[in-house]
file coords33.cif (mmCIF, C-alpha atoms and all ligand atoms)
data_start
#
loop_
_atom_site.label_atom_id
_atom_site.label_comp_id
_atom_site.auth_asym_id
_atom_site.auth_seq_id
_atom_site.Cartn_x
_atom_site.Cartn_y
_atom_site.Cartn_z
CA MET O 612 -91.75 73.23 89.59
CA GLU O 613 -93.45 72.32 86.32
CA ARG O 614 -93.57 68.70 87.45
CA PHE O 615 -95.16 69.76 90.73
CA TYR O 616 -97.81 71.73 88.80
CA LEU O 617 -98.57 68.77 86.55
CA GLU O 618 -98.76 66.26 89.39
CA ASN O 619 -101.17 68.49 91.28
CA LYS O 620 -103.29 69.66 88.38
CA SER O 621 -106.60 68.30 89.67
CA LYS O 622 -105.85 69.56 93.20
CA TYR O 623 -105.20 73.00 91.66
CA HIS O 624 -108.56 72.94 89.87
CA SER O 625 -110.42 71.95 93.05
CA LEU O 626 -108.68 74.66 95.11
CA VAL O 627 -109.53 77.32 92.53
CA ASP O 628 -113.13 76.08 92.21
CA ALA O 629 -113.55 76.40 96.00
CA LEU O 630 -112.66 80.11 95.96
CA ASP O 631 -115.32 82.80 96.30
CA PRO O 632 -116.29 83.62 92.69
CA LEU O 633 -117.04 87.22 93.72
CA PRO O 634 -114.11 88.31 95.89
CA LYS O 635 -114.14 91.54 97.88
CA PRO O 636 -113.55 94.33 95.34
CA ARG O 637 -110.11 95.83 95.33
CA ILE O 638 -110.26 99.56 96.06
CA PRO O 639 -108.90 101.41 93.03
CA LYS O 640 -106.43 104.10 94.01
CA GLY O 641 -106.97 106.09 90.81
CA MET O 642 -106.37 106.03 87.10
CA SER O 643 -103.18 106.58 85.16
CA GLY O 644 -103.24 110.10 84.06
CA PRO O 645 -103.42 112.03 81.62
CA ASN O 646 -101.19 110.89 78.75
CA ILE O 647 -100.62 107.22 79.44
CA ILE O 648 -102.77 104.10 79.48
CA VAL O 649 -101.37 100.94 81.04
CA SER O 650 -103.24 97.90 79.81
CA ALA O 651 -102.79 94.14 79.87
CA ARG O 652 -103.69 91.49 77.33
CA ILE O 653 -104.11 87.86 78.32
CA ARG O 654 -103.54 85.61 75.38
CA PRO O 655 -105.52 82.35 75.05
CA LEU O 656 -103.88 79.09 76.09
CA SER O 657 -102.52 77.34 73.03
CA GLU O 658 -104.22 74.11 71.91
CA ASN O 659 -101.36 71.89 73.03
CA GLU O 660 -100.93 73.59 76.43
CA ILE O 661 -100.77 70.98 79.19
CA PHE O 662 -100.93 73.35 82.17
CA PRO O 663 -104.14 74.97 83.42
CA SER O 664 -104.70 78.73 83.29
CA ALA O 665 -103.49 80.59 86.38
CA VAL O 666 -104.96 83.92 85.27
CA PHE O 667 -108.54 84.86 86.11
CA PRO O 668 -110.03 88.21 85.07
CA ARG O 669 -112.30 89.25 87.93
CA ALA O 670 -115.99 88.74 87.24
CA ASN O 671 -117.21 91.50 89.57
CA GLN O 672 -114.57 94.16 88.93
CA LYS O 673 -113.39 95.57 85.65
CA ASN O 674 -109.66 95.67 84.89
CA VAL O 675 -108.65 93.54 87.87
CA VAL O 676 -107.10 90.13 87.43
CA ASP O 677 -106.50 87.37 89.99
CA ILE O 678 -103.49 85.09 89.73
CA HIS O 679 -103.58 81.80 91.61
CA ASP O 680 -100.25 80.05 92.08
CA LEU O 681 -99.75 76.62 93.63
CA TYR O 682 -97.18 76.24 96.41
CA ASN O 683 -95.81 73.19 98.09
CA HIS O 684 -96.58 73.72 101.76
CA PRO O 685 -93.80 72.46 104.10
CA LYS O 686 -96.30 69.89 105.45
CA GLY O 687 -96.55 68.44 101.94
CA ILE O 688 -100.01 69.80 101.14
CA PRO O 689 -100.28 71.94 98.00
CA ILE O 690 -101.81 75.33 98.79
CA LEU O 691 -102.95 78.28 96.70
CA LYS O 692 -101.28 81.65 96.91
CA SER O 693 -103.32 84.33 95.24
CA SER O 694 -102.49 87.85 94.17
CA ASP O 695 -104.41 90.49 92.26
CA TYR O 696 -103.37 93.25 89.90
CA GLN O 697 -105.11 96.24 88.41
CA VAL O 698 -104.50 98.03 85.13
CA ASP O 699 -106.32 100.83 83.31
CA LYS O 700 -107.72 98.40 80.77
CA LEU O 701 -107.71 94.62 80.79
CA PHE O 702 -108.22 92.53 77.65
CA ASN O 703 -109.29 88.93 78.18
CA MET O 704 -108.38 85.75 76.33
CA ASP O 705 -111.21 86.28 73.85
CA SER O 706 -110.35 89.90 72.97
CA ALA O 707 -109.29 90.32 69.36
CA THR O 708 -106.47 92.70 68.43
CA GLU O 709 -109.07 94.74 66.48
CA GLU O 710 -110.89 95.42 69.77
CA ILE O 711 -107.67 96.51 71.47
CA TYR O 712 -106.86 98.74 68.51
CA LYS O 713 -110.29 100.37 68.59
CA GLU O 714 -110.26 100.97 72.34
CA LEU O 715 -106.65 102.02 72.84
CA VAL O 716 -104.66 102.77 69.74
CA VAL O 717 -106.77 104.21 66.96
CA ASP O 718 -106.76 107.74 68.44
CA LEU O 719 -102.97 107.89 68.24
CA VAL O 720 -103.21 108.07 64.45
CA PRO O 721 -105.01 111.45 64.12
CA TYR O 722 -102.94 112.63 67.10
CA ALA O 723 -99.68 111.98 65.24
CA TRP O 724 -101.21 113.19 61.96
CA ASN O 725 -101.66 116.54 63.71
CA GLY O 726 -98.12 116.75 65.08
CA GLY O 727 -98.24 114.73 68.32
CA VAL O 728 -95.98 111.86 69.40
CA GLY O 729 -97.84 108.58 69.97
CA THR O 730 -96.07 105.51 71.32
CA LEU O 731 -97.16 101.94 71.92
CA PHE O 732 -95.04 99.53 73.95
CA ALA O 733 -95.75 95.81 74.06
CA TYR O 734 -94.07 94.34 77.12
CA GLY O 735 -94.03 90.85 78.55
CA GLN O 736 -92.40 87.54 78.94
CA THR O 737 -91.17 85.68 75.92
CA GLY O 738 -94.03 83.93 74.08
CA SER O 739 -96.72 86.12 75.66
CA GLY O 740 -98.02 87.61 72.40
CA LYS O 741 -96.12 90.91 71.97
CA THR O 742 -95.19 90.39 68.31
CA PHE O 743 -98.63 88.92 67.60
CA THR O 744 -100.22 92.11 68.96
CA VAL O 745 -97.85 94.72 67.52
CA SER O 746 -97.72 93.31 64.00
CA ARG O 747 -101.53 93.32 63.69
CA VAL O 748 -101.72 96.81 65.22
CA GLU O 749 -99.23 98.07 62.62
CA GLY O 750 -101.46 96.71 59.84
CA LEU O 751 -104.51 98.41 61.37
CA ILE O 752 -102.62 101.70 61.69
CA ALA O 753 -101.78 101.49 57.98
CA GLU O 754 -105.49 101.07 57.19
CA THR O 755 -106.54 104.03 59.36
CA MET O 756 -103.76 106.34 58.23
CA MET O 757 -104.15 105.71 54.53
CA ASN O 758 -107.96 105.77 54.34
CA GLY O 759 -107.90 109.36 53.05
CA LYS O 760 -110.19 110.65 55.81
CA PHE O 761 -107.72 112.96 57.57
CA GLU O 762 -107.45 116.57 56.58
CA GLY O 763 -104.29 118.22 55.28
CA LYS O 764 -101.41 117.20 53.04
CA ARG O 765 -98.91 114.80 54.62
CA GLU O 766 -95.97 112.67 53.58
CA VAL O 767 -95.47 109.41 55.48
CA TYR O 768 -92.06 107.84 56.11
CA MET O 769 -91.22 104.59 57.90
CA THR O 770 -88.05 103.46 59.63
CA ILE O 771 -87.78 100.11 61.38
CA ILE O 772 -84.77 99.22 63.47
CA ASP O 773 -83.88 96.75 66.11
CA LEU O 774 -81.78 97.24 69.18
CA ALA O 775 -79.71 94.48 70.68
CA GLY O 776 -77.91 95.84 73.72
CA ASN O 777 -76.31 99.09 72.58
CA ALA O 778 -76.05 97.98 68.94
CA ALA O 779 -78.71 99.09 66.45
CA PHE O 780 -79.57 97.56 63.07
CA ASP O 781 -81.65 98.66 60.11
CA LEU O 782 -84.46 96.18 59.50
CA LEU O 783 -85.24 97.79 56.13
CA ASN O 784 -81.67 97.35 54.89
CA GLU O 785 -80.53 93.78 55.53
CA ARG O 786 -79.78 94.48 59.21
CA GLU O 787 -76.96 96.87 58.37
CA PRO O 788 -75.54 98.35 61.59
CA ILE O 789 -76.55 101.94 62.27
CA SER O 790 -75.40 104.38 64.91
CA LEU O 791 -77.29 106.54 67.36
CA ARG O 792 -76.01 110.09 67.57
CA GLU O 793 -77.26 113.25 69.09
CA ASP O 794 -77.15 116.18 66.65
CA SER O 795 -76.31 119.78 67.49
CA LEU O 796 -80.01 120.44 68.23
CA GLY O 797 -80.07 117.58 70.73
CA ALA O 798 -82.21 115.27 68.56
CA THR O 799 -81.23 111.58 68.38
CA GLN O 800 -80.37 110.67 64.80
CA LEU O 801 -80.40 107.09 63.49
CA VAL O 802 -77.33 107.52 61.33
CA GLY O 803 -77.37 105.14 58.36
CA ALA O 804 -80.99 104.01 58.78
CA GLN O 805 -83.20 104.05 55.69
CA GLU O 806 -86.40 106.03 55.78
CA ASN O 807 -88.93 104.63 53.32
CA GLN O 808 -91.65 106.89 52.01
CA VAL O 809 -94.97 105.04 51.82
CA PHE O 810 -98.00 106.07 49.78
CA ASN O 811 -100.72 103.53 50.56
CA VAL O 812 -101.78 100.65 52.83
CA ASP O 813 -99.98 98.03 50.76
CA ASP O 814 -96.70 99.98 50.89
CA MET O 815 -96.93 100.24 54.67
CA LYS O 816 -97.76 96.58 55.16
CA ALA O 817 -94.96 95.53 52.79
CA VAL O 818 -92.43 97.58 54.77
CA VAL O 819 -93.57 95.97 58.06
CA GLU O 820 -93.42 92.52 56.48
CA ARG O 821 -89.87 93.11 55.19
CA ALA O 822 -88.69 94.17 58.64
CA THR O 823 -90.39 91.27 60.43
CA SER O 824 -88.60 88.72 58.29
CA LEU O 825 -85.24 90.27 59.16
CA ARG O 826 -85.85 90.56 62.87
CA ARG O 827 -83.14 88.79 64.70
CA THR O 828 -84.46 85.70 66.40
CA ALA O 829 -82.91 83.00 68.47
CA PRO O 830 -84.55 80.03 70.17
CA THR O 831 -85.57 80.20 73.82
CA LEU O 832 -87.14 77.54 75.96
CA LYS O 833 -90.53 79.23 75.89
CA ASN O 834 -90.80 80.39 72.29
CA PRO O 835 -88.85 78.80 69.45
CA ALA O 836 -88.91 82.08 67.48
CA SER O 837 -88.28 84.43 70.36
CA SER O 838 -87.19 87.98 69.54
CA ARG O 839 -84.00 88.84 71.38
CA SER O 840 -84.06 92.52 70.51
CA HIS O 841 -86.34 95.52 70.79
CA ALA O 842 -87.98 96.29 67.42
CA ILE O 843 -88.90 99.93 66.91
CA CYS O 844 -91.13 100.99 64.04
CA ARG O 845 -91.15 104.76 63.58
CA ILE O 846 -93.76 106.38 61.36
CA ARG O 847 -92.96 110.01 60.63
CA ILE O 848 -95.85 112.07 59.31
CA ARG O 849 -94.60 115.21 57.65
CA ASN O 850 -96.94 118.14 57.32
CA THR O 851 -95.90 119.58 53.97
CA GLU O 852 -97.79 122.80 54.67
CA ASN O 853 -95.79 123.87 57.74
CA GLY O 854 -92.81 121.46 57.71
CA SER O 855 -93.63 119.96 61.16
CA ASP O 856 -93.57 116.24 61.96
CA GLY O 857 -95.87 113.97 63.91
CA LEU O 858 -94.46 110.65 65.11
CA LEU O 859 -95.80 107.21 65.87
CA TYR O 860 -93.60 104.62 67.54
CA MET O 861 -94.60 100.97 67.78
CA VAL O 862 -92.19 99.21 70.11
CA ASP O 863 -92.14 95.43 70.32
CA LEU O 864 -89.89 94.88 73.31
CA ALA O 865 -87.56 91.92 73.67
CA GLY O 866 -88.95 89.06 75.75
CA SER O 867 -88.21 89.49 79.43
CA GLU O 868 -86.93 85.98 80.07
CA ALA O 869 -86.16 84.84 83.58
CA ALA O 870 -82.53 83.93 84.26
CA ARG O 871 -83.46 80.29 84.90
CA ASP O 872 -84.95 80.08 81.38
CA VAL O 873 -81.68 81.13 79.78
CA ALA O 874 -79.33 79.24 82.08
CA VAL O 875 -79.18 76.38 79.60
CA HIS O 876 -78.15 78.71 76.76
CA GLY O 877 -74.74 79.74 78.12
CA ALA O 878 -72.87 82.88 79.05
CA ASP O 879 -73.61 84.93 75.89
CA ARG O 880 -77.28 84.38 76.33
CA MET O 881 -77.09 85.33 80.01
CA ARG O 882 -75.31 88.59 79.09
CA GLU O 883 -77.92 89.33 76.43
CA THR O 884 -80.74 88.73 78.91
CA LYS O 885 -79.04 90.94 81.49
CA GLN O 886 -78.82 93.77 78.93
CA ILE O 887 -82.48 93.33 77.98
CA ASN O 888 -83.53 93.42 81.61
CA ILE O 889 -81.44 96.57 82.27
CA SER O 890 -82.98 98.38 79.30
CA LEU O 891 -86.48 97.37 80.44
CA SER O 892 -85.72 98.69 83.90
CA VAL O 893 -84.55 102.05 82.50
CA LEU O 894 -87.66 102.13 80.31
CA LYS O 895 -89.84 101.61 83.37
CA ASP O 896 -88.07 104.47 85.19
CA CYS O 897 -88.52 106.75 82.17
CA ILE O 898 -92.21 105.92 81.61
CA ARG O 899 -92.91 106.48 85.29
CA ALA O 900 -90.91 109.68 85.53
CA LYS O 901 -92.59 111.02 82.39
CA ALA O 902 -96.02 110.17 83.80
CA GLU O 903 -95.06 111.88 87.07
CA ALA O 904 -93.83 114.92 85.16
CA ASP O 905 -97.08 115.08 83.14
CA THR O 906 -99.16 114.65 86.28
CA ALA O 907 -97.14 117.28 88.10
CA THR O 908 -97.43 119.80 85.31
CA THR O 909 -101.13 119.33 84.72
CA LEU O 910 -102.39 118.89 88.28
CA HIS O 911 -100.03 120.68 90.60
CA ARG O 912 -98.27 123.34 88.58
CA GLU O 913 -98.79 126.03 91.22
CA ARG O 914 -97.58 123.81 94.04
CA LEU O 915 -94.43 122.53 92.37
CA GLY O 916 -93.48 125.41 90.09
CA PRO O 917 -91.07 124.43 87.34
CA LYS O 918 -89.73 121.44 89.32
CA VAL O 919 -90.32 118.18 87.40
CA PRO O 920 -88.97 114.67 88.04
CA HIS O 921 -85.68 113.67 86.39
CA ILE O 922 -86.25 111.37 83.39
CA PRO O 923 -83.15 109.14 82.95
CA PHE O 924 -83.63 108.62 79.20
CA ARG O 925 -79.89 108.79 78.41
CA GLN O 926 -79.21 105.60 80.36
CA SER O 927 -80.08 103.15 77.60
CA ALA O 928 -80.04 103.01 73.81
CA LEU O 929 -83.76 102.20 73.77
CA THR O 930 -84.79 105.35 75.63
CA ARG O 931 -82.27 107.48 73.71
CA VAL O 932 -83.93 106.43 70.44
CA LEU O 933 -87.23 107.41 72.03
CA LYS O 934 -85.91 110.79 73.14
CA HIS O 935 -88.93 112.54 71.60
CA VAL O 936 -91.11 110.60 74.00
CA PHE O 937 -89.08 111.16 77.15
CA ASP O 938 -87.14 114.37 76.86
CA PRO O 939 -88.48 116.63 79.63
CA ALA O 940 -87.33 119.68 77.66
CA SER O 941 -89.58 118.77 74.74
CA THR O 942 -92.70 120.83 74.34
CA ARG O 943 -94.45 118.33 72.07
CA GLY O 944 -97.55 116.48 73.16
CA CYS O 945 -96.94 112.78 73.83
CA LYS O 946 -99.38 109.96 74.42
CA THR O 947 -98.21 106.52 75.49
CA ILE O 948 -99.93 103.15 75.59
CA VAL O 949 -98.42 100.13 77.28
CA ILE O 950 -99.75 96.64 76.65
CA ALA O 951 -98.46 94.12 79.17
CA CYS O 952 -98.80 90.76 77.44
CA VAL O 953 -99.51 87.67 79.52
CA ASN O 954 -99.39 83.96 78.84
CA PRO O 955 -101.96 82.49 81.26
CA SER O 956 -100.31 79.07 81.68
CA LEU O 957 -99.66 78.00 85.29
CA ALA O 958 -96.13 77.07 84.19
CA ASP O 959 -95.50 80.79 83.50
CA VAL O 960 -97.17 82.14 86.60
CA GLY O 961 -93.98 83.61 88.10
CA SER O 962 -93.23 85.66 84.98
CA THR O 963 -96.87 86.65 84.68
CA LYS O 964 -96.79 88.10 88.19
CA ASN O 965 -93.58 90.00 87.30
CA THR O 966 -95.17 91.39 84.13
CA LEU O 967 -98.28 92.58 85.95
CA ARG O 968 -96.23 94.00 88.82
CA PHE O 969 -94.19 95.89 86.21
CA ALA O 970 -97.45 97.19 84.69
CA GLU O 971 -98.63 98.39 88.09
CA LEU O 972 -95.30 100.14 88.68
CA LEU O 973 -95.77 102.13 85.48
CA ARG O 974 -99.00 103.63 86.75
CA VAL O 975 -98.73 107.05 88.30
CA LEU O 976 -102.21 107.40 89.68
CA VAL O 977 -104.45 110.40 89.55
CA PRO O 978 -107.37 110.48 92.00
CA LEU O 979 -110.74 109.54 90.57
CA THR O 980 -113.08 112.47 90.25
CA ASP O 981 -115.65 111.30 87.69
CA GLU O 982 -118.81 111.24 89.79
CA SER O 983 -120.89 109.75 87.00
CA ASP O 984 -118.93 106.52 86.93
CA THR O 985 -120.68 104.42 89.55
CA GLU O 986 -117.93 101.83 89.70
CA LYS O 987 -115.33 104.45 90.48
CA GLN O 988 -117.72 106.32 92.75
CA SER O 989 -118.41 103.36 94.99
CA ALA O 990 -114.70 102.70 95.17
CA MET O 991 -113.55 105.97 96.64
CA HIS O 992 -114.42 109.57 97.46
CA TRP O 993 -111.45 111.84 97.88
CA THR O 994 -111.45 114.26 100.76
CA ASN O 995 -109.06 117.23 100.77
CA MET O 996 -106.95 115.44 103.34
CA GLN O 997 -106.71 112.31 101.16
CA LEU O 998 -105.79 114.48 98.21
CA ARG O 999 -102.99 116.12 100.22
CA GLU O 1000 -101.76 112.69 101.33
CA TRP O 1001 -101.83 111.47 97.75
CA ILE O 1002 -99.83 114.46 96.51
CA LYS O 1003 -97.28 113.94 99.30
CA GLU O 1004 -96.82 110.27 98.35
CA ASN O 1005 -96.88 110.57 94.60
CA VAL O 1006 -95.52 113.93 93.57
CA SER O 1007 -92.33 114.40 95.48
N1 LIG L 1101 -103.99 86.66 71.30
C1 LIG L 1101 -103.48 85.57 70.71
N2 LIG L 1101 -104.30 84.68 70.09
C2 LIG L 1101 -103.81 83.58 69.51
N3 LIG L 1101 -102.50 83.23 69.49
C3 LIG L 1101 -101.63 84.07 70.07
C4 LIG L 1101 -102.07 85.27 70.71
N4 LIG L 1101 -100.99 85.89 71.22
C5 LIG L 1101 -99.93 85.11 70.90
N5 LIG L 1101 -100.29 84.03 70.21
C6 LIG L 1101 -99.39 82.97 69.72
O1 LIG L 1101 -98.43 82.71 70.74
C7 LIG L 1101 -97.13 82.51 70.19
C8 LIG L 1101 -96.13 83.49 70.81
O2 LIG L 1101 -96.52 84.81 70.45
P1 LIG L 1101 -95.46 85.95 70.07
O3 LIG L 1101 -94.40 85.45 69.15
O4 LIG L 1101 -96.25 87.14 69.65
O5 LIG L 1101 -94.80 86.16 71.49
P2 LIG L 1101 -93.76 87.27 71.95
O6 LIG L 1101 -94.23 87.79 73.25
O7 LIG L 1101 -93.53 88.25 70.86
O8 LIG L 1101 -92.46 86.40 72.21
P3 LIG L 1101 -90.90 86.82 72.10
O9 LIG L 1101 -90.62 87.88 73.08
O10 LIG L 1101 -90.20 85.57 72.43
O11 LIG L 1101 -90.72 87.25 70.68
C9 LIG L 1101 -97.27 82.68 68.68
O12 LIG L 1101 -97.41 81.40 68.11
C10 LIG L 1101 -98.56 83.48 68.54
O13 LIG L 1101 -99.20 83.20 67.30
#

call {"tool": "encode", "arguments": {"input": "coords33.cif", "output": "structure tokens"}}
result
Amino acid sequence: MERFYLENKSKYHSLVDALDPLPKPRIPKGMSGPNIIVSARIRPLSENEIFPSAVFPRANQKNVVDIHDLYNHPKGIPILKSSDYQVDKLFNMDSATEEIYKELVVDLVPYAWNGGVGTLFAYGQTGSGKTFTVSRVEGLIAETMMNGKFEGKREVYMTIIDLAGNAAFDLLNEREPISLREDSLGATQLVGAQENQVFNVDDMKAVVERATSLRRTAPTLKNPASSRSHAICRIRIRNTENGSDGLLYMVDLAGSEAARDVAVHGADRMRETKQINISLSVLKDCIRAKAEADTATTLHRERLGPKVPHIPFRQSALTRVLKHVFDPASTRGCKTIVIACVNPSLADVGSTKNTLRFAELLRVLVPLTDESDTEKQSAMHWTNMQLREWIKENVS
């Protein structure tokens, strides 16, 4: 396929150039609500990239992206097949991580400082910029958290582990194996994992740096330093006045390689990829079910009573570690941000479509009601009947 793309590069450019630059706007069906934001970040093409970009943020509609793939028509003429995707917030090739942090993440810090649970997931194909994004975000969190501007006395502790299949390792202790156990109160304990107390920005950054260097890596076709495990950085913020904890999780998910990319690496690698894909699928189910539960409890409490969707968080090690985020019995406030990372190269267009489809699947949409937002307003007015239809489809 890559050869086909290269041979037809100029044809691809001319087909894309001939498209309407202002396509008919896609009608937004709503926004993710109320405790989750699903975003996407398109990384720039690298300098030595030989394939054109297949990813085009829409000029006339915010947060919508067009993907143009090239197909070999049976009659031998290359044709374009286009698809579009919508997220809550789209960051283009020229967006810096600082901008993403300011728009999406910074509010999680005071939220966790005051006892909430904030989680960021970076998801995407191998080489799409997950580690690039998360490591910078962790540095920025350190700067916000330790700037002395928040009220109250707190102690800050960091734990960083990685999960490969069902095995877990301590990235702050030479990758010593640790075990995941549920204690008598139902909380998941990382038995054997070190918790490092940190006192300032430099401490926090040094801890992150130590963990990064230990992260298990193995070469893939797409990224010579691909991470083959989920890295979870947990920042526990202890309120010394009342003994309660706030939590921040930064989760750099393992690259979602396609089977054909790993075929050349043998059976072990295939098994590893299968495990990664299963855990990502359970994660998707949990994020979605949690969003449905939150939507159900905030919007339709009277209609549904205590009935909330089942959240299958026990089905994988990843979601068991994140029990605080997914446990439906928990009464703690949780806010979640997902960043779907995308490499725009035409050679990666299949995986890019999968990543953005995955992002769309995570969105449990709430009808738009903000009359002041003209973009949303022109897109849709909800009648009572539409609202009933929406509830029937989405909250069952
Ligand atoms: N926004 C960006 N701007 C500039 N370079 C980037 C950006 N995002 C990623 N890169 C570069 O792309 C390469 C791959 O990025 P990264 O290692 O973060 O990918 P990944 O998604 O974590 O991959 P894997 O799952 O295999 O670990 C790196 O060389 C990184 O520096």

call {"tool": "atom_distance", "arguments": {"input": "coords33.cif", "atom1": "atom CA of Arg925 of chain O", "atom2": "atom CA of Thr799 of chain O"}}
result
10.5 Å

call {"tool": "atom_distance", "arguments": {"input": "coords33.cif", "atom1": "atom CA of Thr744 of chain O", "atom2": "atom CA of Gln926 of chain O"}}
result
27.4 Å

call {"tool": "residues_around", "arguments": {"input": "coords33.cif", "residues": "segment 694-698 of chain O", "least_positions_apart": "6", "cutoff": "10 Å", "atoms": "all atoms listed in the file", "output": "mmCIF file with C-alpha atoms, keeping the file's coordinate frame"}}
result
data_model
loop_
_atom_site.group_PDB
_atom_site.id
_atom_site.type_symbol
_atom_site.label_atom_id
_atom_site.label_comp_id
_atom_site.auth_asym_id
_atom_site.auth_seq_id
_atom_site.Cartn_x
_atom_site.Cartn_y
_atom_site.Cartn_z
ATOM 1 C CA ARG O 637 -110.110 95.830 95.330
ATOM 2 C CA ILE O 638 -110.260 99.560 96.060
ATOM 3 C CA PRO O 639 -108.900 101.410 93.030
ATOM 4 C CA LYS O 640 -106.430 104.100 94.010
ATOM 5 C CA MET O 642 -106.370 106.030 87.100
ATOM 6 C CA SER O 643 -103.180 106.580 85.160
ATOM 7 C CA ILE O 648 -102.770 104.100 79.480
ATOM 8 C CA VAL O 649 -101.370 100.940 81.040
ATOM 9 C CA SER O 650 -103.240 97.900 79.810
ATOM 10 C CA ALA O 651 -102.790 94.140 79.870
ATOM 11 C CA VAL O 666 -104.960 83.920 85.270
ATOM 12 C CA PHE O 667 -108.540 84.860 86.110
ATOM 13 C CA PRO O 668 -110.030 88.210 85.070
ATOM 14 C CA ARG O 669 -112.300 89.250 87.930
ATOM 15 C CA GLN O 672 -114.570 94.160 88.930
ATOM 16 C CA LYS O 673 -113.390 95.570 85.650
ATOM 17 C CA ASN O 674 -109.660 95.670 84.890
ATOM 18 C CA VAL O 675 -108.650 93.540 87.870
ATOM 19 C CA VAL O 676 -107.100 90.130 87.430
ATOM 20 C CA ASP O 677 -106.500 87.370 89.990
ATOM 21 C CA ILE O 678 -103.490 85.090 89.730
ATOM 22 C CA HIS O 679 -103.580 81.800 91.610
ATOM 23 C CA ASP O 680 -100.250 80.050 92.080
ATOM 24 C CA ILE O 950 -99.750 96.640 76.650
ATOM 25 C CA ALA O 951 -98.460 94.120 79.170
ATOM 26 C CA LYS O 964 -96.790 88.100 88.190
ATOM 27 C CA LEU O 967 -98.280 92.580 85.950
ATOM 28 C CA ARG O 968 -96.230 94.000 88.820
ATOM 29 C CA ALA O 970 -97.450 97.190 84.690
ATOM 30 C CA GLU O 971 -98.630 98.390 88.090
ATOM 31 C CA LEU O 973 -95.770 102.130 85.480
ATOM 32 C CA ARG O 974 -99.000 103.630 86.750
#

call {"tool": "closest_residue", "arguments": {"input": "coords33.cif", "among": "O:Ser890, O:Gly687, O:Thr742, O:Asn811", "to": "Phe615 of chain O", "atoms": "all atoms listed in the file"}}
result
O:Gly687

call {"tool": "atom_distance", "arguments": {"input": "coords33.cif", "atom1": "atom CA of His921 of chain O", "atom2": "atom CA of Pro645 of chain O"}}
result
18.4 Å

call {"tool": "closest_residue", "arguments": {"input": "coords33.cif", "among": "O:Asn683, O:Asn850, O:Asn965, O:Ser657", "to": "Phe761 of chain O", "atoms": "only C-alpha atoms"}}
result
O:Asn850

call {"tool": "closest_residue", "arguments": {"input": "coords33.cif", "among": "O:Lys901, O:Val720, O:Asp794, O:Arg786", "to": "Lys760 of chain O", "atoms": "all atoms listed in the file"}}
result
O:Val720

call {"tool": "residues_around", "arguments": {"input": "coords33.cif", "residues": "Ala842 of chain O", "least_positions_apart": "3", "cutoff": "9 Å", "atoms": "only C-alpha atoms", "output": "PyMOL selection string"}}
result
chain O and resi 771-774+782+823+826+838+861-865

call {"tool": "closest_residue", "arguments": {"input": "coords33.cif", "among": "O:Asp631, O:Asp959, O:Glu785, O:Asp718", "to": "Ile752 of chain O", "atoms": "only C-alpha atoms"}}
result
O:Asp718

call {"tool": "closest_residue", "arguments": {"input": "coords33.cif", "among": "O:Met769, O:Ala707, O:Val977, O:Val802", "to": "Phe743 of chain O", "atoms": "all atoms listed in the file"}}
result
O:Ala707

call {"tool": "closest_residue", "arguments": {"input": "coords33.cif", "among": "O:Gly857, O:Gly961, O:Gly750, O:Gly740", "to": "ligand LIG 1101 (chain L)", "atoms": "only C-alpha atoms and all ligand atoms"}}
result
O:Gly740

call {"tool": "residues_around", "arguments": {"input": "coords33.cif", "residues": "Val809 of chain O", "least_positions_apart": "3", "cutoff": "10 Å", "atoms": "only C-alpha atoms", "output": "short mmCIF file (atom, residue, chain, number, x, y, z; two decimals) with C-alpha atoms, in the coordinates of the input"}}
result
data_model
loop_
_atom_site.label_atom_id
_atom_site.label_comp_id
_atom_site.auth_asym_id
_atom_site.auth_seq_id
_atom_site.Cartn_x
_atom_site.Cartn_y
_atom_site.Cartn_z
CA ALA O 753 -101.78 101.49 57.98
CA MET O 757 -104.15 105.71 54.53
CA GLU O 766 -95.97 112.67 53.58
CA VAL O 767 -95.47 109.41 55.48
CA TYR O 768 -92.06 107.84 56.11
CA MET O 769 -91.22 104.59 57.90
CA GLU O 806 -86.40 106.03 55.78
CA VAL O 812 -101.78 100.65 52.83
CA ASP O 813 -99.98 98.03 50.76
CA ASP O 814 -96.70 99.98 50.89
CA MET O 815 -96.93 100.24 54.67
CA LYS O 816 -97.76 96.58 55.16
CA ALA O 817 -94.96 95.53 52.79
CA VAL O 818 -92.43 97.58 54.77
CA ILE O 846 -93.76 106.38 61.36
#

call {"tool": "residues_near_point", "arguments": {"input": "coords33.cif", "point": "(-98.3, 96.6, 74.6)", "cutoff": "7 Å", "atoms": "only C-alpha atoms", "output": "ChimeraX atom specification"}}
result
/O:731-734,741,948-952

call {"tool": "write_last_selection", "arguments": {"input": "coords33.cif", "atoms": "C-alpha atoms", "output": "PDB file, in the frame of the given file"}}
result
ATOM      1  CA  LEU O 731     -97.160 101.940  71.920  1.00  0.00           C
ATOM      2  CA  PHE O 732     -95.040  99.530  73.950  1.00  0.00           C
ATOM      3  CA  ALA O 733     -95.750  95.810  74.060  1.00  0.00           C
ATOM      4  CA  TYR O 734     -94.070  94.340  77.120  1.00  0.00           C
ATOM      5  CA  LYS O 741     -96.120  90.910  71.970  1.00  0.00           C
ATOM      6  CA  ILE O 948     -99.930 103.150  75.590  1.00  0.00           C
ATOM      7  CA  VAL O 949     -98.420 100.130  77.280  1.00  0.00           C
ATOM      8  CA  ILE O 950     -99.750  96.640  76.650  1.00  0.00           C
ATOM      9  CA  ALA O 951     -98.460  94.120  79.170  1.00  0.00           C
ATOM     10  CA  CYS O 952     -98.800  90.760  77.440  1.00  0.00           C
TER      11      CYS O 952
END
